[in-house]
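The next block is work.txt, given as compact mmCIF, C-alpha atoms.
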```
# COMPACT_ATOMS: atom_id res chain seq x y z
CA MET Z 1 162.85 142.52 -57.11
CA THR Z 2 166.43 143.77 -56.94
CA GLU Z 3 168.83 143.44 -59.89
CA VAL Z 4 170.83 140.84 -57.98
CA GLU Z 5 167.70 138.77 -57.38
CA LYS Z 6 166.75 139.07 -61.07
CA TRP Z 7 170.22 137.77 -61.98
CA ILE Z 8 169.92 134.81 -59.63
CA ALA Z 9 166.37 134.04 -60.77
CA ALA Z 10 167.39 134.11 -64.44
CA TRP Z 11 170.24 131.62 -63.97
CA ALA Z 12 168.14 129.41 -61.68
CA LYS Z 13 166.08 128.50 -64.76
CA VAL Z 14 169.13 127.36 -66.74
CA THR Z 15 170.07 123.69 -66.74
CA GLN Z 16 173.57 123.07 -65.42
CA GLY Z 17 176.06 122.95 -68.30
CA GLU Z 18 173.78 124.82 -70.72
CA LEU Z 19 174.04 128.30 -72.24
CA TYR Z 20 171.76 131.12 -71.14
CA PRO Z 21 168.84 130.69 -73.61
CA ASP Z 22 168.59 134.35 -74.64
CA ASP Z 23 172.30 134.36 -75.52
CA LYS Z 24 171.98 131.67 -78.17
CA PRO Z 25 170.56 133.81 -81.02
CA TYR Z 26 173.29 136.41 -80.56
CA LEU Z 27 176.06 133.82 -80.41
CA GLU Z 28 174.61 132.00 -83.43
CA LYS Z 29 174.57 135.23 -85.43
CA ALA Z 30 178.17 135.94 -84.43
CA ARG Z 31 179.14 132.48 -85.69
CA GLU Z 32 177.23 132.94 -88.97
CA ASP Z 33 178.84 136.34 -89.53
CA LEU Z 34 182.24 134.69 -89.24
CA GLU Z 35 181.40 132.04 -91.80
CA GLY Z 36 180.49 134.72 -94.32
CA SER Z 37 183.50 136.88 -93.57
CA LYS Z 38 186.78 136.83 -95.46
CA ARG Z 39 188.63 138.61 -92.67
CA ARG Z 40 191.43 136.74 -90.99
CA ASP Z 41 191.09 138.65 -87.73
CA LYS Z 42 187.91 136.94 -86.65
CA GLN Z 43 186.06 138.84 -83.95
CA PHE Z 44 184.49 135.84 -82.26
CA ASN Z 45 185.91 132.39 -82.67
CA VAL Z 46 182.61 130.59 -82.02
CA ASP Z 47 182.73 127.21 -83.74
CA SER Z 48 179.80 125.37 -82.18
CA LEU Z 49 177.14 126.20 -79.64
CA ASP Z 50 176.57 122.54 -78.86
CA PRO Z 51 177.97 121.94 -75.34
CA LYS Z 52 178.55 118.27 -76.25
CA GLU Z 53 181.04 119.08 -78.99
CA LYS Z 54 184.73 119.58 -78.34
CA PRO Z 55 185.84 123.19 -78.93
CA ASN Z 56 187.97 124.06 -81.93
CA GLY Z 57 188.15 127.74 -81.11
CA LYS Z 58 188.56 130.17 -78.26
CA PHE Z 59 185.26 129.65 -76.48
CA HIS Z 60 184.66 126.40 -74.62
CA PHE Z 61 180.88 126.11 -74.31
CA ARG Z 62 181.20 122.46 -73.35
CA LEU Z 63 182.22 123.61 -69.87
CA GLY Z 64 178.92 125.41 -69.36
CA ALA Z 65 178.55 128.83 -67.79
CA VAL Z 66 179.64 130.39 -64.50
CA PRO Z 67 178.10 133.86 -64.14
CA TYR Z 68 179.14 134.30 -60.52
CA VAL Z 69 180.76 132.56 -57.57
CA GLY Z 70 180.00 133.22 -53.91
CA ASP Z 71 177.06 134.46 -51.84
CA LEU Z 72 175.68 137.36 -53.87
CA ARG Z 73 173.14 138.31 -51.20
CA ASN Z 74 175.53 138.59 -48.28
CA ALA Z 75 179.03 139.15 -49.64
CA ARG Z 76 180.64 142.53 -49.05
CA ILE Z 77 183.68 142.18 -51.35
CA PHE Z 78 183.03 141.78 -55.07
CA LEU Z 79 185.71 140.96 -57.64
CA LEU Z 80 184.63 141.87 -61.19
CA MET Z 81 186.28 139.69 -63.83
CA VAL Z 82 185.92 139.44 -67.63
CA ASN Z 83 185.13 135.73 -68.01
CA PRO Z 84 186.25 132.31 -66.74
CA GLY Z 85 189.56 131.22 -68.24
CA VAL Z 86 190.22 127.64 -69.24
CA ARG Z 87 193.14 125.27 -68.86
CA LYS Z 88 193.52 121.64 -69.91
CA SER Z 89 192.82 120.41 -66.38
CA ASP Z 90 189.47 122.22 -66.30
CA TYR Z 91 187.83 119.51 -68.39
CA ASP Z 92 188.52 116.87 -65.75
CA GLU Z 93 187.76 119.16 -62.81
CA LEU Z 94 184.60 120.85 -64.10
CA GLU Z 95 183.09 117.57 -65.27
CA ASP Z 96 183.72 115.96 -61.88
CA GLY Z 97 180.47 115.14 -60.08
CA ARG Z 98 181.43 116.95 -56.88
CA VAL Z 99 182.43 120.12 -58.73
CA LYS Z 100 179.27 119.97 -60.86
CA ASP Z 101 177.22 119.86 -57.67
CA LEU Z 102 179.10 122.88 -56.29
CA LEU Z 103 178.47 124.79 -59.50
CA LYS Z 104 174.76 123.96 -59.36
CA GLN Z 105 174.50 125.06 -55.73
CA ASN Z 106 176.40 128.20 -56.62
CA ARG Z 107 174.10 129.01 -59.55
CA LEU Z 108 171.03 128.49 -57.34
CA GLN Z 109 172.69 130.39 -54.45
CA THR Z 110 171.94 127.65 -51.93
CA PHE Z 111 175.21 127.93 -50.03
CA ASN Z 112 177.02 130.80 -48.33
CA HIS Z 113 180.68 130.64 -49.32
CA CYS Z 114 183.00 131.27 -52.26
CA PHE Z 115 184.13 127.76 -53.20
CA ALA Z 116 186.57 129.15 -55.80
CA LEU Z 117 189.08 129.76 -52.99
CA GLY Z 118 189.35 126.00 -52.54
CA GLN Z 119 190.74 124.10 -49.58
CA PRO Z 120 194.34 124.21 -48.25
CA GLU Z 121 194.89 120.61 -49.37
CA ASP Z 122 193.37 121.24 -52.79
CA ASP Z 123 196.00 120.47 -55.46
CA ARG Z 124 193.87 121.25 -58.50
CA GLN Z 125 195.50 123.32 -61.23
CA GLY Z 126 192.58 124.70 -63.20
CA TRP Z 127 190.00 127.43 -62.90
CA VAL Z 128 189.45 127.13 -59.14
CA ALA Z 129 193.19 127.12 -58.51
CA TYR Z 130 193.51 130.34 -60.50
CA PHE Z 131 191.69 132.29 -57.79
CA ARG Z 132 193.23 130.38 -54.90
CA LYS Z 133 196.81 130.66 -56.14
CA SER Z 134 197.14 133.46 -58.69
CA VAL Z 135 194.62 136.08 -57.59
CA PHE Z 136 194.39 135.75 -53.82
CA GLY Z 137 197.49 133.66 -53.16
CA THR Z 138 199.84 136.59 -52.57
CA LEU Z 139 197.35 138.29 -50.27
CA ILE Z 140 197.00 135.19 -48.11
CA ARG Z 141 200.69 134.24 -48.15
CA GLU Z 142 201.70 137.63 -46.75
CA PHE Z 143 200.20 136.66 -43.40
CA PRO Z 144 201.56 134.24 -40.78
CA LYS Z 145 200.10 130.73 -41.14
CA GLU Z 146 197.58 131.03 -38.32
CA ARG Z 147 196.32 134.38 -39.59
CA SER Z 148 196.29 133.41 -43.26
CA ASP Z 149 193.98 130.45 -42.57
CA LYS Z 150 191.58 132.73 -40.73
CA LEU Z 151 191.79 135.31 -43.51
CA LYS Z 152 190.95 132.67 -46.10
CA GLU Z 153 187.91 131.50 -44.18
CA THR Z 154 186.72 135.08 -43.73
CA LEU Z 155 187.20 135.73 -47.45
CA LYS Z 156 185.13 132.68 -48.36
CA VAL Z 157 182.12 134.14 -46.56
CA ASN Z 158 182.58 137.75 -47.67
CA LEU Z 159 183.79 137.36 -51.27
CA ALA Z 160 181.83 137.03 -54.50
CA ILE Z 161 183.29 136.87 -58.02
CA LEU Z 162 181.27 138.26 -60.94
CA GLU Z 163 181.92 137.40 -64.58
CA LEU Z 164 181.11 139.88 -67.39
CA VAL Z 165 180.79 136.98 -69.86
CA PRO Z 166 179.80 133.69 -68.19
CA TYR Z 167 181.45 131.39 -70.73
CA PHE Z 168 184.90 129.81 -70.56
CA SER Z 169 187.53 130.81 -73.09
CA GLN Z 170 191.24 130.67 -73.71
CA THR Z 171 193.03 133.66 -72.21
CA VAL Z 172 193.83 135.00 -75.68
CA ALA Z 173 190.10 135.65 -76.14
CA LEU Z 174 190.00 138.60 -73.71
CA ILE Z 175 189.33 141.13 -76.48
CA ASP Z 176 186.74 138.82 -78.04
CA CYS Z 177 184.96 138.52 -74.70
CA CYS Z 178 184.77 142.27 -74.28
CA LYS Z 179 183.33 142.64 -77.80
CA ILE Z 180 180.88 139.80 -77.42
CA ALA Z 181 179.70 141.20 -74.08
CA ASP Z 182 178.11 144.19 -75.79
CA GLY Z 183 175.26 142.10 -77.16
CA LEU Z 184 174.77 139.28 -74.67
CA PRO Z 185 171.53 139.40 -72.62
CA SER Z 186 173.26 137.51 -69.80
CA THR Z 187 175.92 140.24 -69.65
CA GLN Z 188 173.24 142.92 -69.29
CA LEU Z 189 171.94 141.10 -66.23
CA ALA Z 190 175.48 141.10 -64.81
CA LEU Z 191 175.95 144.81 -65.54
CA ASN Z 192 172.68 145.73 -63.84
CA ALA Z 193 173.59 143.68 -60.77
CA ALA Z 194 177.12 145.16 -60.61
CA ALA Z 195 175.79 148.72 -60.73
CA GLU Z 196 173.39 147.94 -57.89
CA ILE Z 197 176.16 146.30 -55.86
CA ALA Z 198 178.53 149.23 -56.43
CA SER Z 199 175.84 151.69 -55.30
CA ASP Z 200 175.67 150.06 -51.86
CA GLU Z 201 178.30 151.83 -49.75
CA ARG Z 202 178.65 148.73 -47.56
CA ASN Z 203 180.27 146.91 -50.49
CA LEU Z 204 183.83 146.96 -51.80
CA VAL Z 205 184.03 146.49 -55.56
CA VAL Z 206 187.35 145.59 -57.21
CA THR Z 207 187.67 145.26 -60.98
CA ARG Z 208 190.25 143.00 -62.60
CA TRP Z 209 191.96 143.58 -65.95
CA PRO Z 210 192.65 146.97 -67.62
CA LYS Z 211 189.74 149.39 -68.05
CA GLY Z 212 187.69 147.41 -65.58
CA LYS Z 213 185.30 150.23 -64.78
CA GLU Z 214 184.64 150.85 -68.46
CA ARG Z 215 184.14 147.18 -69.26
CA TRP Z 216 181.57 146.95 -66.47
CA HIS Z 217 179.95 150.25 -67.51
CA LEU Z 218 180.69 151.71 -64.08
CA LYS Z 219 182.05 154.88 -65.71
CA THR Z 220 179.44 155.27 -68.40
CA ASP Z 221 176.27 154.43 -66.46
CA GLY Z 222 174.53 157.78 -65.95
CA LYS Z 223 172.71 156.42 -62.90
CA LEU Z 224 175.91 156.13 -60.85
CA SER Z 225 177.23 159.11 -58.90
CA LYS Z 226 180.89 160.16 -58.97
CA ASP Z 227 181.24 158.97 -55.38
CA VAL Z 228 180.13 155.47 -56.35
CA ILE Z 229 182.50 155.35 -59.32
CA GLN Z 230 185.42 156.57 -57.20
CA ARG Z 231 184.79 153.86 -54.61
CA VAL Z 232 185.41 151.14 -57.19
CA VAL Z 233 189.03 149.95 -57.01
CA GLU Z 234 190.74 149.01 -60.28
CA SER Z 235 193.35 146.26 -60.11
CA HIS Z 236 195.07 144.90 -63.20
CA PRO Z 237 198.51 143.45 -62.53
CA ARG Z 238 199.53 140.42 -64.59
CA THR Z 239 199.09 138.25 -61.51
CA GLY Z 240 197.57 138.65 -58.08
CA LEU Z 241 196.05 141.91 -56.90
CA SER Z 242 197.39 145.46 -56.84
CA LYS Z 243 198.64 146.95 -53.57
CA GLU Z 244 195.62 149.25 -53.50
CA ALA Z 245 193.22 146.33 -53.94
CA LYS Z 246 194.95 144.27 -51.25
CA ALA Z 247 194.83 147.17 -48.80
CA ALA Z 248 191.15 147.80 -49.53
CA ILE Z 249 190.25 144.13 -49.06
CA LEU Z 250 192.17 143.80 -45.79
CA HIS Z 251 190.60 147.00 -44.48
CA LYS Z 252 187.15 145.66 -45.34
CA LEU Z 253 187.82 142.41 -43.50
CA LYS Z 254 188.85 144.12 -40.26
```
What is this structure when it is put down as structure tokens?
Amino acid sequence: MTEVEKWIAAWAKVTQGELYPDDKPYLEKAREDLEGSKRRDKQFNVDSLDPKEKPNGKFHFRLGAVPYVGDLRNARIFLLMVNPGVRKSDYDELEDGRVKDLLKQNRLQTFNHCFALGQPEDDRQGWVAYFRKSVFGTLIREFPKERSDKLKETLKVNLAILELVPYFSQTVALIDCCKIADGLPSTQLALNAAAEIASDERNLVVTRWPKGKERWHLKTDGKLSKDVIQRVVESHPRTGLSKEAKAAILHKLK
């Protein structure tokens, strides 16, 4: 079984809206360590692991987990993120029945498109809109209307988004997510799958946020050749995608 298939199989066993079971002991220990610490600069603001409780801290477990979005088996463009961000509107959107069904299908990999790009008439403002407007919006808007629509549809089929940490958090928790990732079993599954994906020369891998290759262990994994590491494109502007990433994506879609 490939690493990608292991990743899919692992999340297929998880009930929608629940945490990855093997993550719970690590997250619980992180929470207990905080309670016994006098430091003000808390590493992980993990208040409750009960998805039914409203969050008081940075991590919003009530929204469940999204380890990946898109067709992992057939995509050829992979965007490596840190973790899903959260906005106020996400609570309404991600608890909507239609969106829940999309998330379940996505987790089970029973459809073949990246729903995070949304629809042209989609006016949502939360997590899905982040990809549609902030990340890929500039890429799509640079094309004439008739070509941008075609580009968007092509992207939906060819794009997959991978999350280093599958849990939602406030954007200020970026450093926390990178620290917490070191011990999460679900993150190890993601790292193994990403290394396998990057090793396939048919794939384009783009990392988002500073030190993307390091965060995804694509620089430190001794199994990866220099050629593989060099093929990975790093993109970390405050919004959108870097010029290099845009050019690489457009070239891949030709």
*So which residues fall inside 10 Å of (181.9, 123.9, -70.4) if we count all atoms listed in the file? Mind giving them as a list in words?*
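It turns out the residues near that spot are Gln16, Gly17, Glu18, Leu19, Pro51, Lys52, Glu53, Lys54, Pro55, Phe59, His60, Phe61, Arg62, Leu63, Gly64, Ala65, Val66, Val86, Asp90, Tyr91, Leu94, Glu95, Tyr167, Phe168 and Ser169 of chain Z.
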*Give me, please, the distance in Å between CA of Leu164 in chain Z and CA of Val82 in chain Z, quoted to one decimal.*
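Straight-line distance from CA of Leu164 in chain Z to CA of Val82 in chain Z works out to 4.8 Å.
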*asked:* Need to verify the contact set: range 235-245 of chain Z, 12 Å, only C-alpha atoms, exclusion of same-chain residues closer than 4 positions in sequence. Can you return it as a ChimeraX atom specification?
replied: /Z:77-82,130-142,204-213,231,249-252
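Among the candidates Z:Asp96, Z:Asp182, Z:Asp71, Z:Glu234, the one nearest to Lys156 in chain Z when counting all atoms listed in the file is Z:Asp71.
Ranking Z:Lys104, Z:Arg87, Z:Lys24, Z:Lys254 by their shortest atom-to-atom distance to Ala12 in chain Z, with all atoms listed in the file included, puts Z:Lys104 first.
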